[in-house]
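Engineer: Sharing structure30.cif, mmCIF, C-alpha atoms and all ligand atoms:
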```cif
data_my_file
loop_
_atom_site.label_atom_id
_atom_site.label_comp_id
_atom_site.auth_asym_id
_atom_site.auth_seq_id
_atom_site.Cartn_x
_atom_site.Cartn_y
_atom_site.Cartn_z
CA MET E 873 43.67 37.72 -7.32
CA ILE E 874 46.05 34.78 -7.60
CA GLN E 875 49.72 35.14 -6.69
CA ILE E 876 52.12 32.42 -7.75
CA ARG E 877 55.70 32.41 -6.52
CA ASN E 878 58.54 29.94 -7.19
CA LEU E 879 56.09 27.25 -8.24
CA TYR E 880 58.00 24.04 -8.85
CA LYS E 881 56.55 20.71 -9.93
CA SER E 882 58.24 17.59 -11.21
CA LEU E 883 56.48 14.54 -12.59
CA ALA E 884 57.96 11.08 -13.12
CA GLY E 885 61.31 12.45 -11.96
CA GLN E 886 61.37 15.26 -14.58
CA PRO E 887 60.95 18.95 -13.71
CA VAL E 888 57.86 20.28 -15.50
CA LEU E 889 57.36 23.71 -13.86
CA LYS E 890 60.52 25.44 -12.67
CA ASP E 891 60.08 28.32 -10.26
CA ILE E 892 57.17 30.07 -11.93
CA ASP E 893 56.25 33.58 -10.77
CA ILE E 894 53.08 35.21 -12.03
CA ASP E 895 50.04 37.13 -10.78
CA ILE E 896 46.58 36.55 -12.20
CA LEU E 897 44.77 39.86 -11.88
CA ASP E 898 41.10 40.31 -11.00
CA GLY E 899 38.89 40.62 -14.05
CA GLU E 900 41.51 39.80 -16.66
CA ILE E 901 41.69 37.17 -19.37
CA LEU E 902 45.20 35.74 -19.12
CA THR E 903 46.23 33.35 -21.86
CA LEU E 904 48.96 30.79 -21.39
CA LEU E 905 50.63 29.88 -24.67
CA GLY E 906 53.29 27.25 -25.24
CA GLY E 907 54.16 24.16 -27.23
CA SER E 908 52.78 20.70 -26.59
CA GLY E 909 54.00 19.07 -23.38
CA VAL E 910 55.56 22.22 -21.82
CA GLY E 911 53.34 21.96 -18.75
CA LYS E 912 50.32 24.16 -19.46
CA SER E 913 47.74 21.68 -18.16
CA VAL E 914 49.99 20.84 -15.19
CA PHE E 915 50.14 24.57 -14.38
CA LEU E 916 46.32 24.84 -14.30
CA LYS E 917 45.99 21.67 -12.23
CA ASN E 918 48.41 22.99 -9.61
CA ILE E 919 46.53 26.26 -9.20
CA ILE E 920 43.16 24.58 -8.97
CA GLY E 921 44.52 22.08 -6.41
CA LEU E 922 44.18 18.94 -8.53
CA MET E 923 47.95 18.50 -8.27
CA ARG E 924 50.17 19.56 -5.39
CA PRO E 925 53.37 21.46 -6.20
CA ASP E 926 56.72 20.23 -4.85
CA ARG E 927 57.44 23.72 -3.57
CA GLY E 928 56.48 27.35 -3.99
CA SER E 929 53.50 29.45 -3.06
CA ILE E 930 50.01 29.79 -4.55
CA ARG E 931 47.82 32.41 -2.87
CA ILE E 932 44.20 32.60 -3.95
CA ASP E 933 42.53 35.76 -2.62
CA GLU E 934 45.10 35.84 0.19
CA THR E 935 44.76 32.13 1.09
CA GLU E 936 47.89 30.05 0.69
CA ILE E 937 46.61 26.77 -0.77
CA THR E 938 49.74 24.66 -1.14
CA ALA E 939 49.55 23.21 2.38
CA LEU E 940 45.77 23.23 2.89
CA LYS E 941 43.95 20.11 4.07
CA LEU E 942 41.50 18.64 1.56
CA LYS E 943 38.43 20.04 3.32
CA GLU E 944 39.72 23.62 3.26
CA LEU E 945 41.02 23.14 -0.27
CA SER E 946 37.59 22.04 -1.48
CA LYS E 947 36.10 25.33 -0.18
CA ILE E 948 38.63 27.27 -2.25
CA GLN E 949 37.96 25.05 -5.26
CA ARG E 950 34.36 26.30 -5.30
CA LYS E 951 35.72 29.61 -6.55
CA PHE E 952 36.82 27.86 -9.76
CA GLY E 953 35.14 26.70 -12.91
CA MET E 954 37.17 24.49 -15.18
CA VAL E 955 36.67 23.58 -18.80
CA PHE E 956 38.95 20.59 -19.26
CA GLN E 957 40.87 19.70 -22.39
CA GLY E 958 38.50 17.57 -24.52
CA ASP E 959 35.25 18.76 -22.84
CA ALA E 960 34.95 15.95 -20.23
CA LEU E 961 31.14 15.88 -20.41
CA PHE E 962 29.37 12.93 -18.80
CA ASP E 963 28.31 10.85 -21.82
CA SER E 964 25.45 9.05 -20.09
CA LEU E 965 23.90 12.27 -18.73
CA THR E 966 21.72 14.63 -20.76
CA VAL E 967 22.87 18.15 -21.52
CA ALA E 968 20.63 19.50 -18.74
CA GLU E 969 22.03 16.98 -16.24
CA ASN E 970 25.56 17.91 -17.23
CA VAL E 971 24.93 21.63 -16.74
CA ALA E 972 23.10 20.99 -13.45
CA PHE E 973 25.88 18.79 -12.13
CA GLY E 974 27.72 21.52 -10.27
CA MET E 975 24.61 23.51 -9.34
CA LYS E 976 22.86 20.74 -7.42
CA ARG E 977 25.85 20.18 -5.24
CA LEU E 978 26.49 23.82 -4.53
CA SER E 979 23.33 25.77 -4.16
CA GLY E 980 20.39 23.76 -2.70
CA LEU E 981 17.82 24.85 -5.32
CA SER E 982 14.56 23.00 -6.14
CA MET E 983 14.39 20.87 -9.32
CA ALA E 984 12.16 23.45 -11.05
CA GLN E 985 14.57 26.26 -10.18
CA ILE E 986 17.48 24.19 -11.45
CA ALA E 987 15.67 23.49 -14.73
CA ARG E 988 15.07 27.23 -15.22
CA LYS E 989 18.71 28.00 -14.41
CA VAL E 990 19.94 25.30 -16.80
CA THR E 991 17.97 26.89 -19.62
CA GLU E 992 19.30 30.31 -18.64
CA TYR E 993 22.95 29.14 -18.69
CA LEU E 994 22.44 27.31 -21.98
CA SER E 995 21.05 30.48 -23.51
CA MET E 996 24.12 32.38 -22.27
CA VAL E 997 26.22 30.08 -24.43
CA ARG E 998 23.68 30.47 -27.26
CA LEU E 999 22.18 26.99 -27.05
CA GLU E 1000 18.45 26.35 -27.09
CA GLY E 1001 16.26 23.25 -26.94
CA VAL E 1002 19.12 20.81 -26.34
CA GLU E 1003 18.38 20.09 -22.67
CA ASP E 1004 17.27 16.47 -23.22
CA LYS E 1005 19.92 15.51 -25.77
CA LEU E 1006 22.91 13.31 -24.99
CA PRO E 1007 26.38 14.80 -25.64
CA GLU E 1008 27.12 12.24 -28.38
CA SER E 1009 24.39 13.76 -30.56
CA LEU E 1010 25.98 17.24 -30.50
CA SER E 1011 28.70 18.78 -32.68
CA ILE E 1012 32.11 19.50 -31.12
CA GLY E 1013 31.34 23.23 -30.98
CA MET E 1014 28.04 22.55 -29.20
CA LYS E 1015 29.73 20.21 -26.71
CA ARG E 1016 32.31 22.88 -26.01
CA ARG E 1017 29.50 25.32 -25.23
CA VAL E 1018 27.73 22.82 -22.94
CA SER E 1019 31.01 22.37 -21.12
CA LEU E 1020 31.25 26.15 -20.78
CA ALA E 1021 27.66 26.36 -19.49
CA ARG E 1022 28.41 23.67 -16.92
CA SER E 1023 31.40 25.57 -15.62
CA ILE E 1024 29.64 28.96 -15.37
CA ALA E 1025 26.61 27.35 -13.68
CA THR E 1026 28.56 27.14 -10.42
CA ARG E 1027 29.07 30.94 -10.61
CA PRO E 1028 32.84 30.75 -10.22
CA GLU E 1029 35.07 33.74 -9.54
CA TYR E 1030 37.78 32.19 -11.67
CA ILE E 1031 37.33 30.15 -14.80
CA PHE E 1032 40.09 28.08 -16.38
CA TYR E 1033 39.81 26.86 -19.96
CA ASP E 1034 42.19 24.21 -21.23
CA GLU E 1035 42.41 24.36 -25.04
CA PRO E 1036 38.84 25.58 -25.59
CA THR E 1037 39.18 26.07 -29.36
CA THR E 1038 41.35 23.09 -30.31
CA GLY E 1039 39.67 20.98 -33.00
CA LEU E 1040 37.14 23.66 -33.94
CA ASP E 1041 36.82 25.18 -37.42
CA PRO E 1042 37.65 28.91 -37.76
CA ILE E 1043 34.01 30.04 -37.69
CA THR E 1044 33.15 28.06 -34.56
CA THR E 1045 36.41 29.28 -32.99
CA ASP E 1046 35.26 32.82 -33.61
CA VAL E 1047 31.84 32.10 -32.07
CA ILE E 1048 33.52 30.68 -28.95
CA CYS E 1049 35.90 33.68 -28.72
CA ASN E 1050 33.02 36.15 -28.86
CA LEU E 1051 31.20 34.10 -26.26
CA PHE E 1052 34.19 34.33 -23.90
CA LEU E 1053 34.30 38.08 -24.29
CA ASP E 1054 30.54 38.40 -23.65
CA LEU E 1055 30.66 36.09 -20.61
CA GLN E 1056 33.63 37.95 -19.20
CA LYS E 1057 31.57 41.14 -19.25
CA GLU E 1058 28.33 39.56 -18.03
CA LEU E 1059 29.75 37.48 -15.18
CA ASP E 1060 32.52 39.63 -13.73
CA ILE E 1061 34.96 36.75 -13.82
CA THR E 1062 38.74 36.23 -14.01
CA SER E 1063 39.83 33.83 -16.73
CA VAL E 1064 42.90 31.82 -17.53
CA MET E 1065 42.95 30.16 -20.92
CA VAL E 1066 45.50 27.64 -22.13
CA THR E 1067 45.92 27.29 -25.87
CA HIS E 1068 48.28 26.71 -28.78
CA ASP E 1069 46.02 28.89 -30.90
CA ILE E 1070 47.77 32.22 -31.27
CA SER E 1071 44.96 34.02 -33.10
CA THR E 1072 42.51 33.17 -30.31
CA ALA E 1073 45.09 34.45 -27.81
CA TYR E 1074 45.45 37.76 -29.67
CA LYS E 1075 41.72 38.18 -29.96
CA ILE E 1076 40.62 37.71 -26.38
CA SER E 1077 43.56 38.18 -23.99
CA ASP E 1078 44.29 41.09 -21.71
CA ARG E 1079 47.70 39.51 -21.23
CA ILE E 1080 49.55 36.59 -22.79
CA ALA E 1081 52.10 34.48 -20.91
CA PHE E 1082 54.45 32.18 -22.78
CA LEU E 1083 55.62 28.99 -21.11
CA HIS E 1084 58.90 27.51 -22.29
CA GLU E 1085 60.95 24.76 -20.66
CA GLY E 1086 59.08 25.12 -17.40
CA SER E 1087 59.45 28.89 -17.07
CA ILE E 1088 57.44 31.94 -18.11
CA ALA E 1089 59.58 33.40 -20.88
CA GLU E 1090 57.32 36.41 -21.52
CA VAL E 1091 54.16 37.99 -20.18
CA ASP E 1092 52.60 41.06 -21.71
CA ASN E 1093 49.56 42.42 -23.51
CA ALA E 1094 48.95 41.18 -27.07
CA GLU E 1095 50.49 44.23 -28.79
CA GLU E 1096 53.74 43.98 -26.82
CA PHE E 1097 53.75 40.20 -27.02
CA LYS E 1098 53.71 40.38 -30.83
CA LYS E 1099 56.85 42.53 -30.65
CA SER E 1100 58.69 40.34 -28.11
CA ASP E 1101 62.37 39.80 -28.85
CA ASN E 1102 62.56 36.64 -26.76
CA ARG E 1103 63.95 34.01 -29.14
CA HIS E 1104 61.51 31.28 -28.08
CA VAL E 1105 58.50 33.57 -28.31
CA ARG E 1106 59.58 34.72 -31.81
CA ASN E 1107 59.99 31.12 -32.91
CA PHE E 1108 56.56 30.16 -31.58
CA ILE E 1109 54.90 33.18 -33.23
CA ASP E 1110 56.66 32.56 -36.55
CA ILE E 1111 55.77 28.88 -36.66
CA ASN E 1112 52.18 29.47 -35.62
CA THR E 1113 51.55 32.31 -38.03
CA GLY E 1114 52.97 30.27 -40.90
CA ILE E 1115 56.14 32.30 -41.56
CA LEU E 1116 58.43 29.28 -41.41
CA ARG E 1117 56.12 27.06 -43.42
CA ASP E 1118 57.40 26.17 -46.88
N1 LIG E 1201 50.10 12.69 -14.21
C1 LIG E 1201 51.29 12.76 -14.82
N2 LIG E 1201 52.29 11.88 -14.54
C2 LIG E 1201 53.49 11.95 -15.14
N3 LIG E 1201 53.81 12.88 -16.05
C3 LIG E 1201 52.88 13.77 -16.38
C4 LIG E 1201 51.56 13.77 -15.80
N4 LIG E 1201 50.85 14.79 -16.32
C5 LIG E 1201 51.67 15.40 -17.18
N5 LIG E 1201 52.87 14.82 -17.23
C6 LIG E 1201 54.03 15.25 -18.05
O1 LIG E 1201 54.26 16.60 -17.79
C7 LIG E 1201 54.59 17.30 -18.99
C8 LIG E 1201 53.64 18.46 -19.20
O2 LIG E 1201 52.33 17.95 -19.46
P1 LIG E 1201 51.08 18.87 -19.75
O3 LIG E 1201 49.91 17.97 -19.88
O4 LIG E 1201 50.99 19.95 -18.74
O5 LIG E 1201 51.48 19.51 -21.14
P2 LIG E 1201 50.68 20.62 -21.99
O6 LIG E 1201 51.55 21.81 -22.11
O7 LIG E 1201 49.33 20.79 -21.42
O8 LIG E 1201 50.63 19.90 -23.42
P3 LIG E 1201 49.42 19.85 -24.53
O9 LIG E 1201 49.51 21.16 -25.24
O10 LIG E 1201 49.81 18.72 -25.39
O11 LIG E 1201 48.13 19.65 -23.80
C9 LIG E 1201 54.58 16.27 -20.09
O12 LIG E 1201 55.90 15.83 -20.30
C10 LIG E 1201 53.72 15.16 -19.53
O13 LIG E 1201 54.12 13.91 -20.05
MG MG E 1202 47.44 20.28 -22.02
#
```
Can the structure in the file be given as structure tokens, please?
Structural biologist:
Amino acid sequence: MIQIRNLYKSLAGQPVLKDIDIDILDGEILTLLGGSGVGKSVFLKNIIGLMRPDRGSIRIDETEITALKLKELSKIQRKFGMVFQGDALFDSLTVAENVAFGMKRLSGLSMAQIARKVTEYLSMVRLEGVEDKLPESLSIGMKRRVSLARSIATRPEYIFYDEPTTGLDPITTDVICNLFLDLQKELDITSVMVTHDISTAYKISDRIAFLHEGSIAEVDNAEEFKKSDNRHVRNFIDINTGILRD
């Protein structure tokens, strides 16, 4: 499990995360909701060790990571899979090479074993026969699934998704949501998803946390979250479910 206490991070002289406290529980899907620019991606980057906090504590399975040297930190980072905002596939590598990218480094398998594994992970995200294609020839939904396959191919304990459904049509969004739920069951994984998409959050989350002005304004299961009387949560829900639209 991940324990975060008093996490504080400023960037360019501005506080972005202000004393955040939250636990990420084993086996859950925790969704982080919040408006654009509130610090959702910065939050993920701090936990995964891509950014260092100014102060506070981040314990990953009992290891305090905030003061770790790079070598120790990189061992902890192997526990994580990350699907970055905007896919971040390598454009000049084939789909198979993209999926194999993490595996080669981590597990010392032969090329034939890797090829079999690549096909296996692609089929987990419901993709077939795309191994030799370049990312540019795929649809956004397919790229998103390749990105997902690449991150599960390292067999992480924790997987972080930054805006996995942004830019997808409702049907593809639904396909991706169902895929998350299936993978969660199959892989025994703990997930943190960042999104603005409230319907995706309701559909797949065990708990939803709402980030506002650098603090967690609410964290609860979807049913309770919908009923929150926090003013900022209500506003966000109303705007994103169309109530305030004219
Ligand atoms: N490397 C950086 N240097 C300086 N400022 C940064 C950096 N990264 C992020 N910020 C600032 O920190 C704030 C939070 O950024 P962040 O990317 O976490 O927002 P977000 O909630 O993920 O937004 P979005 O929903 O648009 O992705 C923003 O004001 C952003 O400009
Ligand atoms: Mg972001």
Engineer: Produce as a list in words the set of residues near ligand MG 1202 (chain E), where near means within 7 Å with only C-alpha atoms and all ligand atoms considered.
Structural biologist: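 Those residues are Gly909, Gly911, Lys912, Ser913, Gln957 and Asp1034 of chain E.
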Engineer: Grab the residues selected above and save them as an mmCIF file, in the frame of the given file with C-alpha atoms.
Structural biologist:
```cif
data_model
loop_
_atom_site.group_PDB
_atom_site.id
_atom_site.type_symbol
_atom_site.label_atom_id
_atom_site.label_comp_id
_atom_site.auth_asym_id
_atom_site.auth_seq_id
_atom_site.Cartn_x
_atom_site.Cartn_y
_atom_site.Cartn_z
ATOM 1 C CA GLY E 909 54.000 19.070 -23.380
ATOM 2 C CA GLY E 911 53.340 21.960 -18.750
ATOM 3 C CA LYS E 912 50.320 24.160 -19.460
ATOM 4 C CA SER E 913 47.740 21.680 -18.160
ATOM 5 C CA GLN E 957 40.870 19.700 -22.390
ATOM 6 C CA ASP E 1034 42.190 24.210 -21.230
#
```
Engineer: Write out as CSV a residue-level contact list of range 971-1048 of chain E versus range 928-952 of chain E with cut-off 10 Å: for each qualifying residue the closest pair of atoms and the distance in Å to one decimal, counting all atoms listed in the file, rows sorted by chain and residue number upward.
Structural biologist:
```
residue,atom,partner,partner_atom,distance
E:Gly974,CA,E:Arg950,CA,9.6
E:Leu978,CA,E:Arg950,CA,8.3
E:Ser1023,CA,E:Phe952,CA,8.3
E:Ile1024,CA,E:Phe952,CA,9.2
E:Thr1026,CA,E:Arg950,CA,7.8
E:Arg1027,CA,E:Lys951,CA,7.9
E:Pro1028,CA,E:Lys951,CA,4.8
E:Glu1029,CA,E:Lys951,CA,5.1
E:Tyr1030,CA,E:Phe952,CA,4.8
E:Ile1031,CA,E:Phe952,CA,5.6
E:Phe1032,CA,E:Phe952,CA,7.4
```
Engineer: Between CA of Leu981 in chain E and CA of Met873 in chain E, what is the spacing in Å?
Structural biologist: 28.9 Å
Engineer: Could you give me, as CSV, every chain E residue with an atom at most 8 Å from ligand LIG 1201 (chain E), plus its closest atom pair and distance in Å to one decimal, counting all atoms listed in the file, rows ordered by chain then number?
Structural biologist:
```
residue,atom,partner,partner_atom,distance
E:Ser882,CA,E:LIG1201,O1,7.8
E:Leu883,CA,E:LIG1201,N3,4.7
E:Ala884,CA,E:LIG1201,C2,5.0
E:Gln886,CA,E:LIG1201,O1,7.9
E:Val888,CA,E:LIG1201,O1,5.6
E:Gly906,CA,E:LIG1201,O6,6.5
E:Gly907,CA,E:LIG1201,O9,5.9
E:Ser908,CA,E:LIG1201,O9,3.6
E:Gly909,CA,E:LIG1201,O5,3.4
E:Val910,CA,E:LIG1201,O6,4.0
E:Gly911,CA,E:LIG1201,O4,3.1
E:Lys912,CA,E:LIG1201,O6,3.7
E:Ser913,CA,E:LIG1201,O4,3.7
E:Val914,CA,E:LIG1201,O4,3.8
E:Phe915,CA,E:LIG1201,O4,6.4
E:Gln957,CA,E:LIG1201,O11,7.4
E:Asp1034,CA,E:LIG1201,O11,7.9
E:Glu1035,CA,E:LIG1201,O11,7.5
E:Val1066,CA,E:LIG1201,O7,7.9
E:Thr1067,CA,E:LIG1201,O9,7.1
E:His1068,CA,E:LIG1201,O9,6.7
```
Engineer: Suppose you want the space between CA of Val1002 in chain E and CA of Val955 in chain E; what is it in Å?
Structural biologist: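 Distance reported for this atom pair: 19.3 Å.
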Engineer: Can you list, as an MDAnalysis selection string, every protein, DNA or RNA residue that comes within 7 Å of Ile894 in chain E when you count all atoms listed in the file, leaving out same-chain residues fewer than 4 positions away?
Structural biologist: chainID E and resid 875:877
Engineer: So, counting only C-alpha atoms, which residue among E:Lys989, E:Arg1106, E:Lys1098, E:Lys881 is closest to Arg1079 in chain E?
Structural biologist: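 Once distances to Arg1079 in chain E are computed over only C-alpha atoms, the minimum belongs to E:Lys1098.
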Engineer: Report as an MDAnalysis selection string all protein, DNA and RNA residues lying within 8 Å of Ile1070 in chain E, evaluated on all atoms listed in the file, omitting residues in the same chain fewer than 2 positions from it.
Structural biologist: chainID E and resid 905 1067:1068 1072:1074 1109 1112:1113
Engineer: From the set E:Leu879, E:Arg1022, E:Leu904, E:Asp959, which residue has the shortest atom-to-atom contact distance to Arg927 in chain E, counting all atoms listed in the file?
Structural biologist: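 Looking only at the distances to Arg927 in chain E, the closest residue turns out to be E:Leu879.
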Engineer: Please measure the separation of CA of Glu1003 in chain E and CA of Val967 in chain E, giving the value in Å to one decimal.
Structural biologist: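 Distance between the two atoms: 5.0 Å.
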Engineer: Residues within 7 Å of Ser1087 in chain E, please, as a PyMOL selection string. Count all atoms listed in the file; anything in the same chain fewer than 2 positions from it doesn't count.
Structural biologist: chain E and resi 889-892+1083-1085+1089
Engineer: Export, as a PDB file, keeping the file's coordinate frame, the selected residues with C-alpha atoms.
Structural biologist:
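Saved to out.pdb:
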```pdb
ATOM      1  CA  LEU E 889      57.360  23.710 -13.860  1.00  0.00           C
ATOM      2  CA  LYS E 890      60.520  25.440 -12.670  1.00  0.00           C
ATOM      3  CA  ASP E 891      60.080  28.320 -10.260  1.00  0.00           C
ATOM      4  CA  ILE E 892      57.170  30.070 -11.930  1.00  0.00           C
ATOM      5  CA  LEU E1083      55.620  28.990 -21.110  1.00  0.00           C
ATOM      6  CA  HIS E1084      58.900  27.510 -22.290  1.00  0.00           C
ATOM      7  CA  GLU E1085      60.950  24.760 -20.660  1.00  0.00           C
ATOM      8  CA  ALA E1089      59.580  33.400 -20.880  1.00  0.00           C
TER       9      ALA E1089
END
```
Engineer: My list of candidates is E:Tyr1033, E:Phe1082, E:Phe1052, E:Phe1108. Which is closest to Ala960 in chain E when distances are computed with only C-alpha atoms?
Structural biologist: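 Closest residue, counting only C-alpha atoms: E:Tyr1033.
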Engineer: Looking at E:Gly1114, E:Met954, E:Asn878, E:Gln1056, which one is nearest to Ile1076 in chain E, with distances taken over only C-alpha atoms?
Structural biologist: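 Closest to Ile1076 in chain E, using only C-alpha atoms: E:Gln1056.
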Engineer: Env of Gly1039 in chain E: 8 Å cut, atoms = all atoms listed in the file, seq-sep filter 2 positions within chain, self excluded. Answer as a PyMOL selection string.
Structural biologist: chain E and resi 1012+1037+1041
Engineer: Calculated over only C-alpha atoms, which of the candidates E:Leu1053, E:Leu1010, E:Ala1021, E:Thr1062 has the smallest distance to Gly899 in chain E?
Structural biologist: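 Under the stated criterion, the closest residue is E:Thr1062.
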Engineer: Which residue out of E:Val997, E:Asp1078, E:Asp1046, E:Gly1086 has the minimum interatomic distance to Tyr880 in chain E when all atoms listed in the file are used?
Structural biologist: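 The shortest atom-to-atom distance to Tyr880 in chain E comes from E:Gly1086.
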